[in-house]
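As structure tokens, the structure follows; a few thoughts come after it.
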Amino acid sequence: MQKKIIVACSGGPDSMALLDKLYKQGHTIIVAHVNYHKRDTANRDEKIVRDYCQKRSIEVEVQEPTFDNKSNFQSWARKVRYDFFFELAAKNDTDQIYVAHHLDDHLETYLFQKSRNMLCDHYGLKSENIMKGMKIIRPLLHETKAQLIEYCDQNNIEYGIDESNLGNDYTRNKIRHSQIEKMSLLEKLRLNEEIQKENIKLKDKREKAASFLKGWDRSIDTLLKQEDAWFILEYYLHLEIGNHYSKKHMKSLIEQLQSNCLLEIDGYYLESYEGMLYFKKIKENKSYTVSYLEYITNDSFSLLKTGKVIESIYVSEKDFPLVIRSVKPGDQIKLRYGTKKVSRFLIDRKIPKIYRKEWLVMENSAKKVIFVPGIGCDVEHFSIKPNLFMVQYLT
């Protein structure tokens with residue numbers, strides 16, 4: 001039995017040409033159409049798609065999402081339609097989603113990336129890539145929009161024109177009207193060759209960055225000695241976070257990392273401390289209340305029956321409830337040789353700030369810090385027969 005395919009179809013000439021070509025190739029098709037009801041002609045485009053499919057007995061699914069008027073419409077619309085495509089693909093036991101991006105879209109994407117000095121996985125558009133385990137297939141990247149319109153006209157395929165693409169409301173529209181539409185076919189093909197060469201260079205740089213990171217000991221000096229330190233840092237952050245950043249932003253980070261500093265980037269900490277680079281996800285500070293003597297384990301710490309001497313403490317009923325929380329300014333613990341500020345201990349031990357922010361203490365019912373990982377318990381809770389051991393986990 002032939003595998004079904006999902007075909008994204010807006011009703012424009014690009015997607016109608018794609019739909020007709022795939023239909024004539026004999027594919028078993030499910031058409032996915034999204035009607036945002038944002039334009040007066042939105043229902044016209046839906047009718048075009050439905051009429052084409054009805055005449056050929058092609059299954060069609062239509063989604064009509066409601067915009068929340070809070071986020072960027074373009075970003076929201078893209079997420080909505082792709083989630084719709086993924087849902088349809090999963091429902092119909094297929095992993096193949098066809099979209100009608102063409103050569104002009106490919107060139108436009110490249111020029112958009114360059115205009116923003118963006119670093120990316122690939123310049124322009126890939127003929128095929130994987131998203132959420134699904135194949136996004138673009139078979140029209142060798143054809144221009146004009147050629148697709150001509151195809152529709154010659155084959156009597158009805159299509160609609162999206163008026164929102166005619167203005168210059170978006171950067172991509174400006175690029176399309178001021179650059180792409182003024183190019184000859186030969187100029188477009190030459191630009192496409194340039195993109196191919198850029199992608200070869202990009203692949204080579206990425207492979208060199210991956211090779212460096214494989215043996216990197218997180219030394220800042222070692223990173224700075226590399227010719228494209230900014231590119232390596234961007235590649236590293238992309239692997240960890242999943243986002244891409246501009247060359248300008250990366251060069252700014254490289255400058256800052258040459259001395260001790262703690263930076264925040266998209267929900268993560270990036271720290272340069274004593275010549276080493278540290279990176280970890282920012283965690284929300286939480287406190288845990290322990291109402292009675294119990295042995296528990298979570299992502300942050302464990303309370304155990306046995307352990308090392310430095311992990312031990314003796315607690316009595318009057319100490320409960322215990323509160324295990326992050327260090328606060330002014331926290332101190334009473335030791336045999338005097339009172340020690342917890343912040344001073346962390347500094348003396350050369351603990352990076354990235355970990356200091358998550359360091360835990362145990363506080364008893366009297367609001368006194370009675371245990372600090374790395375220090376141990378205070379003088380009043382030391383015993384040769386401890387009944388509790390605490391271990392903190394720092395990742």
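So you can find residues: chains in the structure tokens are A, B, ... in the order shown, residues in each start at 1, and ligands are numbered from 1 in order.
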
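Those residues that approach region 183-200 of chain A to within 7 Å, counting only C-alpha atoms, are Leu107, His122 and Tyr123 of chain A; same-chain residues fewer than 6 positions away are not listed.
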
Spatial neighbours of region 90-102 of chain A, max dist 8 Å, only C-alpha atoms, sep filter under 6 positions, as an MDAnalysis selection string:
chainID A and resid 3:9 14:15 18 133:145

With C-alpha atoms retained, export the selected residues as a compact mmCIF listing (two decimals), in the first residue's frame.
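Result file result_33.txt:
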```txt
# COMPACT_ATOMS: atom_id res chain seq x y z
CA LYS A 3 2.36 5.64 1.88
CA LYS A 4 0.26 8.76 2.32
CA ILE A 5 1.85 12.20 2.11
CA ILE A 6 0.79 15.51 3.65
CA VAL A 7 0.78 18.41 1.18
CA ALA A 8 0.64 21.94 2.62
CA CYS A 9 -1.55 24.02 0.33
CA ASP A 14 3.22 27.80 -5.62
CA SER A 15 1.28 25.29 -3.53
CA LEU A 18 3.01 21.50 -6.13
CA GLY A 133 10.83 13.37 13.46
CA MET A 134 9.00 14.39 10.26
CA LYS A 135 10.53 14.96 6.82
CA ILE A 136 9.87 18.43 5.40
CA ILE A 137 10.27 17.98 1.65
CA ARG A 138 10.72 20.90 -0.78
CA PRO A 139 10.73 19.57 -4.37
CA LEU A 140 10.31 22.99 -6.05
CA LEU A 141 13.59 24.68 -5.06
CA HIS A 142 14.83 24.52 -8.65
CA GLU A 143 11.81 26.46 -10.00
CA THR A 144 11.03 30.19 -9.77
CA LYS A 145 7.69 31.64 -8.76
```

Nearest to Lys286 (chain A): which of A:Glu317, A:Ile161, A:Ala42, A:Val323 is it, counting only C-alpha atoms?
A:Val323

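Rounded to one decimal, CA of Arg50 (chain A) and CA of Leu88 (chain A) lie 17.0 Å from each other.
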
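Using only C-alpha atoms, the smallest distance between any of A:Glu284, A:Asp121, A:Asp319, A:Glu358 and Lys201 (chain A) comes from A:Asp121.
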